[in-house]
$ cat start-v4.txt   # compact mmCIF, C-alpha atoms
# COMPACT_ATOMS: atom_id res chain seq x y z
CA MET A 5 93.70 98.78 66.77
CA LYS A 6 97.17 99.14 65.35
CA LEU A 7 98.73 96.10 66.97
CA GLU A 8 102.07 96.65 65.27
CA LYS A 9 102.30 100.11 66.88
CA PHE A 10 100.78 98.99 70.18
CA GLN A 11 98.07 101.61 69.71
CA LEU A 12 95.04 99.65 70.85
CA ILE A 13 92.37 102.32 71.19
CA ASP A 14 90.61 103.48 68.02
CA ARG A 15 88.38 106.19 69.40
CA VAL A 16 87.41 107.92 72.62
CA VAL A 17 83.61 107.75 72.52
CA ASP A 18 82.75 109.43 75.79
CA PHE A 19 84.52 111.03 78.72
CA ASN A 20 82.79 112.16 81.91
CA GLU A 21 85.13 114.44 83.82
CA ALA A 22 82.94 114.61 86.94
CA ASP A 23 82.62 110.84 87.11
CA LYS A 24 86.24 110.34 86.00
CA SER A 25 85.04 107.71 83.55
CA ILE A 26 85.72 107.00 79.91
CA ARG A 27 84.41 104.80 77.11
CA CYS A 28 86.48 103.85 74.08
CA GLU A 29 86.19 101.73 70.95
CA ALA A 30 88.86 99.17 70.18
CA LYS A 31 88.38 96.92 67.16
CA VAL A 32 90.57 93.85 66.97
CA PRO A 33 91.98 93.55 63.42
CA LEU A 34 90.92 90.62 61.27
CA GLU A 35 94.52 89.87 60.40
CA SER A 36 97.78 90.22 62.30
CA SER A 37 101.03 88.27 62.49
CA ILE A 38 100.21 87.80 66.20
CA PHE A 39 97.43 85.43 65.23
CA GLU A 40 99.85 83.24 63.30
CA GLY A 41 101.27 82.12 66.62
CA HIS A 42 98.37 82.76 68.99
CA PHE A 43 97.12 80.26 67.88
CA PRO A 44 97.66 78.43 64.59
CA GLY A 45 94.21 77.35 63.45
CA TYR A 46 92.47 79.21 66.27
CA PRO A 47 93.39 82.92 66.33
CA LEU A 48 92.67 84.66 69.65
CA MET A 49 93.39 88.11 71.01
CA PRO A 50 96.06 87.50 73.71
CA GLY A 51 95.05 88.25 77.29
CA VAL A 52 98.11 90.45 77.81
CA LEU A 53 96.93 92.64 74.94
CA LEU A 54 93.45 92.85 76.47
CA LEU A 55 95.15 94.00 79.67
CA GLU A 56 97.09 96.59 77.68
CA THR A 57 93.84 97.70 76.03
CA MET A 58 92.33 98.23 79.49
CA ALA A 59 95.47 100.10 80.56
CA GLN A 60 95.34 102.37 77.50
CA THR A 61 91.64 103.07 78.08
CA SER A 62 92.45 104.07 81.66
CA GLY A 63 95.46 106.03 80.48
CA TRP A 64 93.38 108.20 78.18
CA ALA A 65 91.08 109.02 81.09
CA ILE A 66 94.04 110.07 83.25
CA LEU A 67 95.54 112.15 80.44
CA MET A 68 92.25 113.93 79.92
CA LEU A 69 91.68 114.52 83.63
CA LEU A 70 95.14 116.07 83.83
CA LYS A 71 94.66 118.04 80.60
CA PHE A 72 97.70 116.31 79.09
CA GLN A 73 100.03 117.97 81.57
CA ARG A 74 101.33 114.68 83.01
CA MET A 75 101.74 111.15 81.70
CA PRO A 76 100.53 107.88 83.25
CA PHE A 77 102.80 104.84 83.05
CA LEU A 78 101.60 101.33 83.86
CA ALA A 79 102.83 100.28 87.32
CA ALA A 80 100.71 97.34 88.47
CA ALA A 81 97.68 95.26 87.57
CA ARG A 82 95.45 93.52 90.06
CA GLU A 83 92.72 90.96 89.61
CA ALA A 84 93.03 90.86 85.84
CA LYS A 85 90.40 88.48 84.51
CA PHE A 86 89.77 87.26 80.98
CA ARG A 87 86.26 85.94 80.95
CA GLY A 88 85.77 85.04 77.32
CA PHE A 89 87.60 84.52 74.03
CA VAL A 90 88.10 87.61 71.90
CA LEU A 91 88.40 86.76 68.22
CA PRO A 92 89.81 88.73 65.26
CA GLY A 93 87.33 91.39 64.14
CA ALA A 94 85.75 91.79 67.57
CA ALA A 95 84.56 95.34 68.37
CA LEU A 96 85.49 95.87 72.00
CA ASP A 97 83.55 98.39 74.06
CA MET A 98 86.10 99.57 76.62
CA HIS A 99 85.26 101.30 79.90
CA ALA A 100 87.42 102.69 82.70
CA LYS A 101 86.87 104.73 85.82
CA ILE A 102 89.57 106.43 87.84
CA VAL A 103 88.86 105.31 91.40
CA HIS A 104 91.76 107.05 93.10
CA ASP A 105 93.82 110.10 92.21
CA GLY A 106 96.84 109.92 94.48
CA SER A 107 100.02 111.96 94.73
CA GLY A 108 102.06 110.76 91.78
CA PHE A 109 99.86 107.76 91.11
CA ALA A 110 96.34 106.85 90.04
CA VAL A 111 94.21 103.72 90.22
CA ALA A 112 91.61 102.69 87.66
CA LYS A 113 89.04 99.97 87.30
CA ALA A 114 88.65 98.94 83.68
CA GLU A 115 86.66 96.46 81.67
CA GLY A 116 86.06 95.40 78.10
CA LYS A 117 82.70 94.30 76.75
CA LEU A 118 81.52 92.41 73.69
CA ASP A 119 77.82 92.67 72.88
CA GLY A 120 77.21 94.00 76.38
CA LYS A 121 78.97 91.12 78.10
CA VAL A 122 82.14 91.72 80.13
CA VAL A 123 85.03 89.75 78.61
CA CYS A 124 87.88 91.25 80.66
CA ASP A 125 88.33 93.43 83.73
CA ALA A 126 91.14 94.59 85.99
CA THR A 127 92.25 97.09 88.59
CA ILE A 128 95.26 98.97 87.27
CA MET A 129 97.73 101.31 88.98
CA PHE A 130 99.75 103.98 87.18
CA ARG A 131 102.65 106.18 88.12
CA VAL A 132 101.74 109.69 87.01
CA VAL A 133 104.78 111.83 86.21
CA GLU A 134 105.92 114.81 84.19
CA PHE A 135 106.22 114.05 80.48
CA PRO A 136 109.81 112.86 79.97
CA ASN A 137 110.15 115.17 76.97
CA GLU A 138 108.13 117.27 74.55
CA GLU A 139 108.31 114.65 71.81
CA ILE A 140 106.24 112.10 73.72
CA ARG A 141 103.78 114.78 74.82
CA GLY A 142 103.42 115.96 71.23
CA SER A 143 102.85 112.41 69.99
CA MET A 144 100.19 111.82 72.66
CA LEU A 145 98.43 115.03 71.70
CA GLU A 146 98.49 114.05 68.03
CA LEU A 147 97.16 110.60 68.83
CA ALA A 148 94.47 112.19 71.00
CA ARG A 149 93.29 114.29 68.05
CA ARG A 150 93.19 111.23 65.81
CA ASN A 151 91.28 109.29 68.47
CA GLY A 152 88.57 111.93 68.70
CA VAL A 153 89.49 113.50 72.02
CA PRO A 154 87.53 116.78 72.16
CA ALA A 155 89.66 119.83 71.38
CA GLU A 156 88.80 121.46 74.70
CA MET A 157 90.47 118.55 76.50
CA ILE A 158 93.72 119.08 74.63
CA GLN A 159 95.72 122.00 76.00
CA MET B 276 98.87 108.08 117.24
CA SER B 277 98.83 104.44 118.35
CA SER B 278 95.65 103.57 116.44
CA THR B 279 97.00 105.31 113.35
CA PHE B 280 100.23 103.36 113.68
CA ASP B 281 98.30 100.10 114.09
CA THR B 282 96.31 100.80 110.94
CA VAL B 283 99.46 101.68 108.99
CA ALA B 284 101.32 98.63 110.31
CA ASN B 285 98.43 96.35 109.38
CA ILE B 286 98.32 97.83 105.88
CA ILE B 287 102.07 97.31 105.45
CA SER B 288 101.86 93.77 106.78
CA GLU B 289 99.03 92.83 104.42
CA THR B 290 100.33 94.69 101.40
CA CYS B 291 103.96 93.59 101.61
CA ASP B 292 103.53 90.25 103.37
CA ILE B 293 105.72 91.36 106.29
CA PRO B 294 105.04 89.74 109.69
CA ARG B 295 103.04 92.23 111.74
CA GLU B 296 105.16 91.73 114.85
CA THR B 297 108.29 92.94 113.05
CA ILE B 298 106.72 96.30 112.22
CA LYS B 299 107.50 98.80 115.01
CA PRO B 300 106.86 102.54 115.40
CA GLU B 301 110.61 103.08 115.04
CA SER B 302 110.81 100.99 111.84
CA HIS B 303 111.94 102.81 108.70
CA ALA B 304 109.72 101.71 105.83
CA ILE B 305 112.58 101.63 103.33
CA ASP B 306 115.73 100.96 105.35
CA ASP B 307 114.31 98.51 107.91
CA LEU B 308 111.33 96.93 106.16
CA GLY B 309 112.78 96.95 102.63
CA ILE B 310 109.68 98.40 101.02
CA ASP B 311 110.38 99.56 97.47
CA SER B 312 108.77 102.46 95.65
CA LEU B 313 106.16 100.36 93.85
CA ASP B 314 105.06 98.61 97.03
CA PHE B 315 104.92 101.99 98.72
CA LEU B 316 102.42 103.14 96.09
CA ASP B 317 100.18 100.25 97.12
CA ILE B 318 100.61 101.26 100.75
CA ALA B 319 99.88 104.91 99.94
CA PHE B 320 96.73 103.86 98.07
CA ALA B 321 95.55 101.83 101.08
CA ILE B 322 96.41 104.62 103.56
CA ASP B 323 94.67 107.25 101.40
CA LYS B 324 91.55 105.07 101.33
CA ALA B 325 91.66 104.13 105.01
CA PHE B 326 92.00 107.73 106.24
CA GLY B 327 90.25 109.59 103.45
CA ILE B 328 93.32 111.69 102.68
CA LYS B 329 95.81 112.25 99.88
CA MET B 330 99.31 111.80 101.20
CA PRO B 331 101.54 114.35 99.42
CA LEU B 332 104.16 111.81 98.39
CA GLU B 333 105.50 113.93 95.56
CA LYS B 334 106.02 116.93 97.84
CA TRP B 335 107.74 114.78 100.44
CA THR B 336 109.98 113.19 97.81
CA GLN B 337 110.90 116.59 96.43
CA GLU B 338 111.81 117.87 99.90
CA ILE B 339 114.03 114.83 100.47
CA ASN B 340 115.69 115.18 97.06
CA GLU B 341 116.36 118.87 97.70
CA GLY B 342 117.87 118.13 101.11
CA LYS B 343 115.12 120.00 102.94
CA ALA B 344 114.01 116.88 104.81
CA THR B 345 115.34 113.45 105.68
CA THR B 346 113.70 110.16 104.81
CA ASP B 347 113.34 109.54 108.56
CA GLN B 348 110.91 112.43 108.82
CA TYR B 349 108.47 110.75 106.47
CA PHE B 350 109.28 107.05 106.43
CA VAL B 351 109.91 106.16 110.07
CA LEU B 352 106.47 104.83 110.90
CA SER B 353 105.88 106.87 114.06
CA ASN B 354 106.65 110.00 112.03
CA LEU B 355 104.52 108.82 109.12
CA SER B 356 101.64 108.20 111.53
CA GLU B 357 101.98 111.73 112.90
CA ARG B 358 101.89 113.12 109.35
CA ILE B 359 98.75 111.12 108.65
CA ASP B 360 97.12 112.41 111.84
CA ALA B 361 97.96 115.95 110.78
CA LEU B 362 96.46 115.39 107.32
CA VAL B 363 93.30 113.94 108.86
CA ALA B 364 93.04 116.89 111.25
CA ALA B 365 93.59 119.37 108.41
CA LYS B 366 90.84 117.69 106.39
CA GLY B 367 88.39 118.05 109.24
CA SER B 368 89.19 121.69 110.07

$ encode --input "start-v4.txt" --output "structure tokens"
Amino acid sequence: MKLEKFQLIDRVVDFNEADKSIRCEAKVPLESSIFEGHFPGYPLMPGVLLLETMAQTSGWAILMLLKFQRMPFLAAAREAKFRGFVLPGAALDMHAKIVHDGSGFAVAKAEGKLDGKVVCDATIMFRVVEFPNEEIRGSMLELARRNGVPAEMIQ
Amino acid sequence: MSSTFDTVANIISETCDIPRETIKPESHAIDDLGIDSLDFLDIAFAIDKAFGIKMPLEKWTQEINEGKATTDQYFVLSNLSERIDALVAAKGS
């Protein structure tokens, strides 16, 4: 995770196009200025950042399904649950499945696991629109390459 | 059409917390019921699931923006229900 850049996914481990599902790695850094305030003496990964990690996991799945021709933007989160503390250094095993591919929107169910145990889950809705410009599309493609997205998925 | 309207009205009522009795076939989802675009995505998701269709919201929006259709044609609930019936029929044919 690069918390300072809000890039929370380290690597796309697996993507199943037929099942519309994805698995990603996201390792919480051992040190971050965030932990100085959340909380002094007891550093914890904030729940909102776990939600963002689930959103980014889902977002990669949508990008790959659409062959990077359109961009998902977070629109709504439902039933977000944070079931356990996530500490600095934790290696999160992130999963998402696109459960609905609508016209201009998509819905995903996502979860994060630690040692096989679910620590967070949510249903997340995205608006799916044309890339606002080539710069953002180019940056997403570059990030995809760094995150191990297979070349055949990147058009 | 009536059962389709009832399903749509129930979805709108539950999704947007609008009293069911205020939702009429002649109601305009945006102008009369005050549903915004984000809430309409929730409604579209529920309608897609309930009827097993994919409402072409982007196509409809484009037609409205280009002046080829009015919002009444898609967002007055009796008209929306007819569109849904047509999509269901097309899926089954």

$ closest_atom_pairs --input "start-v4.txt" --of "region 284-355 of chain B" --to "region 100-120 of chain A" --cutoff "9 Å" --atoms "only C-alpha atoms" --output "tab-separated table"
residue	atom	partner	partner_atom	distance
B:Leu316	CA	A:Phe109	CA	7.3
B:Ala319	CA	A:Gly106	CA	8.0
B:Phe320	CA	A:Gly106	CA	7.0
B:Asp323	CA	A:Gly106	CA	7.7
B:Lys324	CA	A:His104	CA	8.5
B:Lys329	CA	A:Gly106	CA	6.0
B:Met330	CA	A:Ser107	CA	6.5
B:Pro331	CA	A:Ser107	CA	5.5
B:Leu332	CA	A:Ser107	CA	5.5
B:Glu333	CA	A:Ser107	CA	5.9
B:Lys334	CA	A:Ser107	CA	8.4

$ closest_residue --input "start-v4.txt" --among "A:Val123, A:Val132, A:Ala94, A:Leu67" --to "chain B" --atoms "all atoms listed in the file"
A:Val132

$ residues_around --input "start-v4.txt" --residues "region 148-152 of chain A" --least-positions-apart "5" --cutoff "10 Å" --atoms "only C-alpha atoms" --output "ChimeraX atom specification"
/A:13-18,28-29,64,67-68,72,142-143,157-158

$ atom_distance --input "start-v4.txt" --atom1 "CA of Ala84 (chain A)" --atom2 "CA of Asp125 (chain A)"
5.8 Å

$ atom_distance --input "start-v4.txt" --atom1 "CA of Pro154 (chain A)" --atom2 "CA of Lys121 (chain A)"
27.7 Å

$ residues_around --input "start-v4.txt" --residues "Phe315 (chain B)" --least-positions-apart "3" --cutoff "10 Å" --atoms "all atoms listed in the file" --output "ChimeraX atom specification"
/B:287,290-291,304-305,310-312,318-321,332

$ closest_residue --input "start-v4.txt" --among "B:Ser288, B:Thr336, B:Gln348, B:Ser356" --to "chain A" --atoms "only C-alpha atoms"
B:Thr336

$ closest_residue --input "start-v4.txt" --among "B:Phe326, B:Asp317, B:Ala344, B:Ile339" --to "Ile359 (chain B)" --atoms "all atoms listed in the file"
B:Phe326

$ closest_residue --input "start-v4.txt" --among "A:Ala79, A:Leu53, A:Ile128, A:Ile26" --to "Met98 (chain A)" --atoms "all atoms listed in the file"
A:Ile26

$ residues_around --input "start-v4.txt" --residues "Glu301 (chain B)" --least-positions-apart "4" --cutoff "12 Å" --atoms "all atoms listed in the file" --output "PDB file with C-alpha atoms, in the frame of the given file"
ATOM      1  CA  PHE B 280     100.230 103.360 113.680  1.00  0.00           C
ATOM      2  CA  ALA B 284     101.320  98.630 110.310  1.00  0.00           C
ATOM      3  CA  THR B 297     108.290  92.940 113.050  1.00  0.00           C
ATOM      4  CA  ILE B 305     112.580 101.630 103.330  1.00  0.00           C
ATOM      5  CA  ASP B 306     115.730 100.960 105.350  1.00  0.00           C
ATOM      6  CA  ASP B 307     114.310  98.510 107.910  1.00  0.00           C
ATOM      7  CA  LEU B 308     111.330  96.930 106.160  1.00  0.00           C
ATOM      8  CA  ASP B 347     113.340 109.540 108.560  1.00  0.00           C
ATOM      9  CA  GLN B 348     110.910 112.430 108.820  1.00  0.00           C
ATOM     10  CA  TYR B 349     108.470 110.750 106.470  1.00  0.00           C
ATOM     11  CA  PHE B 350     109.280 107.050 106.430  1.00  0.00           C
ATOM     12  CA  VAL B 351     109.910 106.160 110.070  1.00  0.00           C
ATOM     13  CA  LEU B 352     106.470 104.830 110.900  1.00  0.00           C
ATOM     14  CA  SER B 353     105.880 106.870 114.060  1.00  0.00           C
ATOM     15  CA  ASN B 354     106.650 110.000 112.030  1.00  0.00           C
ATOM     16  CA  LEU B 355     104.520 108.820 109.120  1.00  0.00           C
ATOM     17  CA  SER B 356     101.640 108.200 111.530  1.00  0.00           C
TER      18      SER B 356
END

$ residues_around --input "start-v4.txt" --residues "Phe10 (chain A)" --least-positions-apart "2" --cutoff "10 Å" --atoms "all atoms listed in the file" --output "list in words"
Met5, Lys6, Leu7, Glu8, Leu12, Ile13, Leu53, Glu56, Thr57 and Gln60 of chain A

$ closest_residue --input "start-v4.txt" --among "A:Leu96, A:Met58, A:Leu70, A:Val133" --to "chain B" --atoms "only C-alpha atoms"
A:Val133

$ atom_distance --input "start-v4.txt" --atom1 "CA of Ala126 (chain A)" --atom2 "CA of Arg82 (chain A)"
6.0 Å

$ closest_residue --input "start-v4.txt" --among "B:Gly342, B:Trp335, B:Ala364, B:Asp314" --to "Met129 (chain A)" --atoms "only C-alpha atoms"
B:Asp314

$ residues_near_point --input "start-v4.txt" --point "(100.0, 92.2, 113.0)" --cutoff "6 Å" --atoms "all atoms listed in the file" --output "PyMOL selection string"
chain B and resi 285+295-296
